[in-house]
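Enquirer: Below is coords_31.cif; it holds mmCIF, C-alpha atoms.
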```
data_upload
#
loop_
_atom_site.label_atom_id
_atom_site.label_comp_id
_atom_site.auth_asym_id
_atom_site.auth_seq_id
_atom_site.Cartn_x
_atom_site.Cartn_y
_atom_site.Cartn_z
CA MET A 8 0.00 0.00 0.00
CA LYS A 9 1.45 3.32 -1.09
CA LEU A 10 1.36 6.16 1.44
CA TYR A 11 2.45 9.81 1.13
CA HIS A 12 4.30 12.34 3.28
CA TYR A 13 5.16 16.00 2.62
CA VAL A 14 8.52 17.45 3.71
CA PRO A 15 9.96 20.98 3.29
CA LYS A 16 11.71 21.54 -0.05
CA LYS A 17 15.08 21.90 1.68
CA ASN A 18 15.53 18.49 3.23
CA THR A 19 17.92 15.60 3.73
CA VAL A 20 15.44 12.81 3.00
CA PHE A 21 17.71 10.95 0.57
CA GLN A 22 20.52 11.00 3.17
CA ASP A 23 18.64 10.64 6.46
CA GLY A 24 15.16 9.38 5.56
CA ILE A 25 11.94 10.86 6.92
CA LEU A 26 12.45 11.62 10.60
CA SER A 27 9.88 11.53 13.39
CA ILE A 28 9.71 14.28 16.00
CA SER A 29 11.87 12.19 18.33
CA LYS A 30 14.66 12.35 15.72
CA ASN A 31 14.09 15.93 14.53
CA ASP A 32 13.61 19.35 16.12
CA THR A 33 11.45 20.82 13.36
CA ASN A 34 7.66 21.03 13.49
CA LEU A 35 7.60 21.20 17.27
CA LYS A 36 5.76 24.55 17.20
CA THR A 37 2.61 22.71 16.18
CA TYR A 38 2.55 21.06 19.60
CA PHE A 39 3.77 23.83 21.95
CA LYS A 40 0.31 25.06 22.85
CA ARG A 41 -1.15 21.57 23.28
CA ALA A 42 1.83 20.44 25.41
CA ASN A 43 1.87 23.75 27.35
CA SER A 44 5.61 23.97 26.76
CA ASP A 45 8.20 24.87 24.13
CA ASN A 46 10.63 22.30 25.55
CA LYS A 47 11.21 19.27 23.27
CA GLU A 48 11.15 16.76 26.15
CA ASP A 49 7.79 18.13 27.33
CA VAL A 50 6.38 17.94 23.80
CA ILE A 51 7.56 14.33 23.43
CA ALA A 52 6.05 13.44 26.83
CA TRP A 53 2.72 15.01 25.76
CA LEU A 54 2.80 13.14 22.44
CA GLU A 55 3.43 9.85 24.24
CA LYS A 56 0.37 10.47 26.45
CA THR A 57 -1.88 10.60 23.37
CA PHE A 58 -0.78 7.12 22.29
CA PRO A 59 2.37 5.01 22.81
CA GLY A 60 4.98 5.66 20.14
CA ARG A 61 3.51 8.89 18.77
CA SER A 62 6.85 10.69 19.07
CA LYS A 63 8.38 7.96 16.85
CA SER A 64 5.62 8.14 14.25
CA ILE A 65 5.42 9.58 10.76
CA SER A 66 2.13 11.10 9.67
CA CYS A 67 1.02 10.06 6.21
CA LEU A 68 -1.83 10.32 3.75
CA THR A 69 -3.41 7.79 1.43
CA GLU A 70 -3.30 10.26 -1.48
CA PRO A 71 -1.54 13.50 -2.40
CA ILE A 72 -3.24 16.75 -1.39
CA LYS A 73 -5.89 17.79 -3.88
CA TRP A 74 -6.01 21.55 -3.72
CA HIS A 75 -8.94 23.11 -5.53
CA SER A 76 -8.60 26.77 -4.48
CA ASN A 77 -10.36 25.92 -1.24
CA ASP A 78 -7.67 26.71 1.33
CA ILE A 79 -4.45 28.74 1.21
CA VAL A 80 -2.64 26.48 3.71
CA LEU A 81 -3.13 23.44 1.48
CA LYS A 82 -1.73 25.46 -1.41
CA GLN A 83 1.29 26.46 0.69
CA ILE A 84 1.95 22.87 1.72
CA VAL A 85 1.94 21.74 -1.90
CA GLN A 86 4.02 24.69 -3.14
CA ASN A 87 6.60 24.66 -0.33
CA SER A 88 7.05 20.91 0.04
CA GLU A 89 8.29 17.85 -1.73
CA LEU A 90 6.04 14.82 -1.77
CA PHE A 91 7.52 11.43 -0.95
CA SER A 92 5.86 8.04 -1.04
CA PHE A 93 6.65 4.66 0.44
CA GLU A 94 5.21 1.17 0.38
CA LEU A 95 3.87 0.43 3.84
CA ASN A 96 3.98 -3.33 3.22
CA ASP A 97 7.75 -3.14 2.64
CA LEU A 98 8.26 -1.43 6.00
CA ILE A 99 6.07 -4.01 7.73
CA GLU A 100 7.77 -6.98 6.04
CA ASP A 101 11.19 -5.64 7.07
CA GLY A 102 10.09 -5.27 10.71
CA LEU A 103 10.29 -1.46 10.91
CA VAL A 104 6.69 -0.79 11.98
CA GLU A 105 5.55 -1.05 15.61
CA ALA A 106 1.97 0.14 15.17
CA ILE A 107 -0.42 2.03 12.92
CA TRP A 108 -2.83 4.62 14.27
CA CYS A 109 -5.62 6.37 12.40
CA LYS A 110 -6.42 9.96 13.22
CA ALA A 111 -10.08 10.07 12.38
CA GLY A 112 -10.67 13.67 13.40
CA SER A 113 -10.31 16.46 15.89
CA GLN A 114 -11.80 19.80 16.69
CA ALA A 115 -10.22 23.04 15.46
CA ASN A 116 -6.46 23.37 16.05
CA GLY A 117 -6.05 19.72 17.01
CA ILE A 118 -8.22 19.80 20.13
CA ASN A 119 -9.77 16.45 21.19
CA GLU A 120 -7.91 14.31 18.68
CA GLN A 121 -9.43 10.90 17.94
CA PHE A 122 -6.98 8.06 17.36
CA PHE A 123 -7.65 4.39 16.69
CA LEU A 124 -5.11 1.57 16.65
CA ILE A 125 -5.54 -0.38 13.40
CA ASP A 126 -4.00 -3.07 11.22
CA SER A 127 -2.66 -2.21 7.77
CA GLU A 128 -5.66 -3.97 6.18
CA GLN A 129 -7.95 -1.41 7.86
CA ILE A 130 -6.41 1.62 6.14
CA ASP A 131 -9.17 3.40 4.27
CA THR A 132 -8.08 4.49 0.80
CA SER A 133 -11.36 6.11 -0.20
CA PRO A 134 -11.02 9.71 -1.48
CA LEU A 135 -10.30 12.33 1.18
CA PRO A 136 -12.62 15.34 1.70
CA TRP A 137 -10.13 18.13 0.86
CA HIS A 138 -13.04 20.53 0.33
CA LYS A 139 -13.68 20.49 4.11
CA CYS A 140 -10.27 22.02 4.93
CA ASN A 141 -10.52 25.53 6.34
CA SER A 142 -7.35 26.90 7.95
CA SER A 143 -9.12 30.09 9.05
CA ARG A 144 -11.18 27.86 11.36
CA GLY A 145 -8.19 25.70 12.37
CA LEU A 146 -9.38 22.77 10.28
CA ILE A 147 -6.74 21.19 8.10
CA TYR A 148 -5.69 17.69 9.11
CA GLY A 149 -8.43 17.53 11.75
CA VAL A 150 -10.93 16.93 8.95
CA ILE A 151 -8.64 14.76 6.83
CA ARG A 152 -8.28 11.12 7.82
CA HIS A 153 -4.60 10.27 8.02
CA TYR A 154 -2.36 7.67 9.55
CA LEU A 155 0.54 7.72 11.97
CA ILE A 156 3.02 4.94 11.38
CA VAL A 157 4.98 4.20 14.57
CA LEU A 158 8.49 3.17 13.57
CA LYS A 159 10.90 1.18 15.74
CA ASP A 160 13.76 3.60 15.04
CA GLY A 161 11.62 6.71 14.57
CA LEU A 162 12.40 7.09 10.86
CA ILE A 163 11.72 5.77 7.40
CA PRO A 164 15.13 5.01 5.86
CA PRO A 165 15.88 6.58 2.45
CA GLN A 166 15.93 3.29 0.55
CA TYR A 167 12.16 2.93 1.14
CA LEU A 168 11.30 6.38 -0.23
CA SER A 169 10.41 7.67 -3.67
CA LYS A 170 10.03 11.31 -4.64
CA GLU A 171 6.74 12.02 -6.38
CA ASP A 172 6.44 14.56 -9.19
#
```
Translate this structure into structure tokens?

Expert:
Amino acid sequence: MKLYHYVPKKNTVFQDGILSISKNDTNLKTYFKRANSDNKEDVIAWLEKTFPGRSKSISCLTEPIKWHSNDIVLKQIVQNSELFSFELNDLIEDGLVEAIWCKAGSQANGINEQFFLIDSEQIDTSPLPWHKCNSSRGLIYGVIRHYLIVLKDGLIPPQYLSKED
């Protein structure tokens, strides 16, 4: 099963792989308010309270973002990022995956996140409702079903990754 992940255009993915928060200091700002701290250790502790292994997980989508002039943040993600894909089954077969969690929703700005532990066969690949995204109301990935792949080493090694055009 092919899954997708966006990374900033300036990256070291082909050298280092895709890194989880436990392996990387970027993207912590997203969690400062929820963790009530700007300290990395506090953020990781908060992440681990939501579900075991979250700080070692990579968030991914079942399809690339489909931006139809509906939200400026989606446009910025697409314009300012590179899209990488990987075959989840390869990671599982090689023993790199500890768990898979589905984020099936949240309120604005990530409040009251809903996570469910699933098996790879339960990943829903039906089209995502990109038209529901509304960054002015704090609704981006809270209304888009996505998956968090918990990795034993907190990263997807480069040999598993392909850059999408």

Enquirer: Give the answer as one residue: which of A:Glu105, A:Asp45, A:Asp97, A:Asp23 has the shortest atom-to-atom distance to Pro165 in chain A, using only C-alpha atoms?

Expert: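 That would be A:Asp23, the residue with the smallest distance to Pro165 in chain A.
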
Enquirer: For this structure, which residues satisfy the selection - the PyMOL selection byres ((chain A and resi 135) around 9) - when it is evaluated on the file as given? I want them as a list in words.

Expert: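 Applying the expression gives Thr69, Glu70, Ile72, Lys73, Thr132, Ser133, Pro134, Pro136, Trp137, His138, Ile151 and Arg152 of chain A.
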
Enquirer: Please measure the separation of CA of Ile28 in chain A and CA of Lys63 in chain A, giving the value in Å to one decimal.

Expert: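 Spanning CA of Ile28 in chain A to CA of Lys63 in chain A is a straight-line distance of 6.5 Å.
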
Enquirer: Nearest to Leu168 in chain A: which of A:Tyr13, A:Trp108, A:Phe122, A:Phe93 is it, counting only C-alpha atoms?

Expert: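 Of A:Tyr13, A:Trp108, A:Phe122, A:Phe93, the one nearest Leu168 in chain A, counting only C-alpha atoms, is A:Phe93.
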
Enquirer: Calculate how many Å separate CA of Glu89 in chain A from CA of Asp131 in chain A, rounding to one decimal.

Expert: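 Here the two named atoms are 23.4 Å from each other.
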
Enquirer: Return the single residue from A:Asp101, A:Glu171, A:Glu120, A:Asp126 that is closest to Lys159 in chain A, with distances computed using only C-alpha atoms.

Expert: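 Answer, going by the shortest atom-to-atom distance: A:Asp101.
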
Enquirer: On this structure, the PyMOL selection byres ((chain A and resi 58) around 12) would catch which residues? List them as a list in words, sorted by chain and number.

Expert: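 This file gives the following for the PyMOL selection byres ((chain A and resi 58) around 12): Ile51, Ala52, Trp53, Leu54, Glu55, Lys56, Thr57, Pro59, Gly60, Arg61, Ser62, Lys63, Ser64, Ala106, Ile107, Trp108, Cys109, Lys110, Glu120, Gln121, Phe122, Phe123, Leu124, Leu155, Ile156 and Val157 of chain A.
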
Enquirer: Residues near Phe21 in chain A, anyone? I mean within 12 Å using all atoms listed in the file, not counting same-chain ones fewer than 2 positions away, as an mmCIF file with C-alpha atoms, in the frame of the given file.

Expert:
```cif
data_model
loop_
_atom_site.group_PDB
_atom_site.id
_atom_site.type_symbol
_atom_site.label_atom_id
_atom_site.label_comp_id
_atom_site.auth_asym_id
_atom_site.auth_seq_id
_atom_site.Cartn_x
_atom_site.Cartn_y
_atom_site.Cartn_z
ATOM 1 C CA VAL A 14 8.520 17.450 3.710
ATOM 2 C CA LYS A 17 15.080 21.900 1.680
ATOM 3 C CA ASN A 18 15.530 18.490 3.230
ATOM 4 C CA THR A 19 17.920 15.600 3.730
ATOM 5 C CA ASP A 23 18.640 10.640 6.460
ATOM 6 C CA GLY A 24 15.160 9.380 5.560
ATOM 7 C CA ILE A 25 11.940 10.860 6.920
ATOM 8 C CA LEU A 26 12.450 11.620 10.600
ATOM 9 C CA GLU A 89 8.290 17.850 -1.730
ATOM 10 C CA PHE A 91 7.520 11.430 -0.950
ATOM 11 C CA ILE A 163 11.720 5.770 7.400
ATOM 12 C CA PRO A 164 15.130 5.010 5.860
ATOM 13 C CA PRO A 165 15.880 6.580 2.450
ATOM 14 C CA GLN A 166 15.930 3.290 0.550
ATOM 15 C CA TYR A 167 12.160 2.930 1.140
ATOM 16 C CA LEU A 168 11.300 6.380 -0.230
ATOM 17 C CA SER A 169 10.410 7.670 -3.670
ATOM 18 C CA LYS A 170 10.030 11.310 -4.640
#
```

Enquirer: Measuring atom to atom with only C-alpha atoms, identify which of A:Ile125, A:Ser29, A:Asn43, A:Trp74 is nearest to Gln86 in chain A.

Expert: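 Result for the nearest residue to Gln86 in chain A: A:Trp74.
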
Enquirer: So what does the PyMOL selection byres ((chain A and resi 10) around 7) actually pick up in this one, as a short mmCIF file (atom, residue, chain, number, x, y, z; two decimals) with C-alpha atoms, in the coordinates of the input?

Expert:
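Result file follows (expr09.cif):
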```
data_model
loop_
_atom_site.label_atom_id
_atom_site.label_comp_id
_atom_site.auth_asym_id
_atom_site.auth_seq_id
_atom_site.Cartn_x
_atom_site.Cartn_y
_atom_site.Cartn_z
CA MET A 8 0.00 0.00 0.00
CA LYS A 9 1.45 3.32 -1.09
CA TYR A 11 2.45 9.81 1.13
CA CYS A 67 1.02 10.06 6.21
CA LEU A 68 -1.83 10.32 3.75
CA THR A 69 -3.41 7.79 1.43
CA GLU A 70 -3.30 10.26 -1.48
CA SER A 92 5.86 8.04 -1.04
CA PHE A 93 6.65 4.66 0.44
CA GLU A 94 5.21 1.17 0.38
CA LEU A 95 3.87 0.43 3.84
#
```

Enquirer: Quick one: residues within 8 Å of Asn87 in chain A, only C-alpha atoms counted, chain neighbours fewer than 4 positions away excluded, as a list in words?

Expert: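 The residues satisfying every condition are Pro15, Lys16 and Gln83 of chain A.
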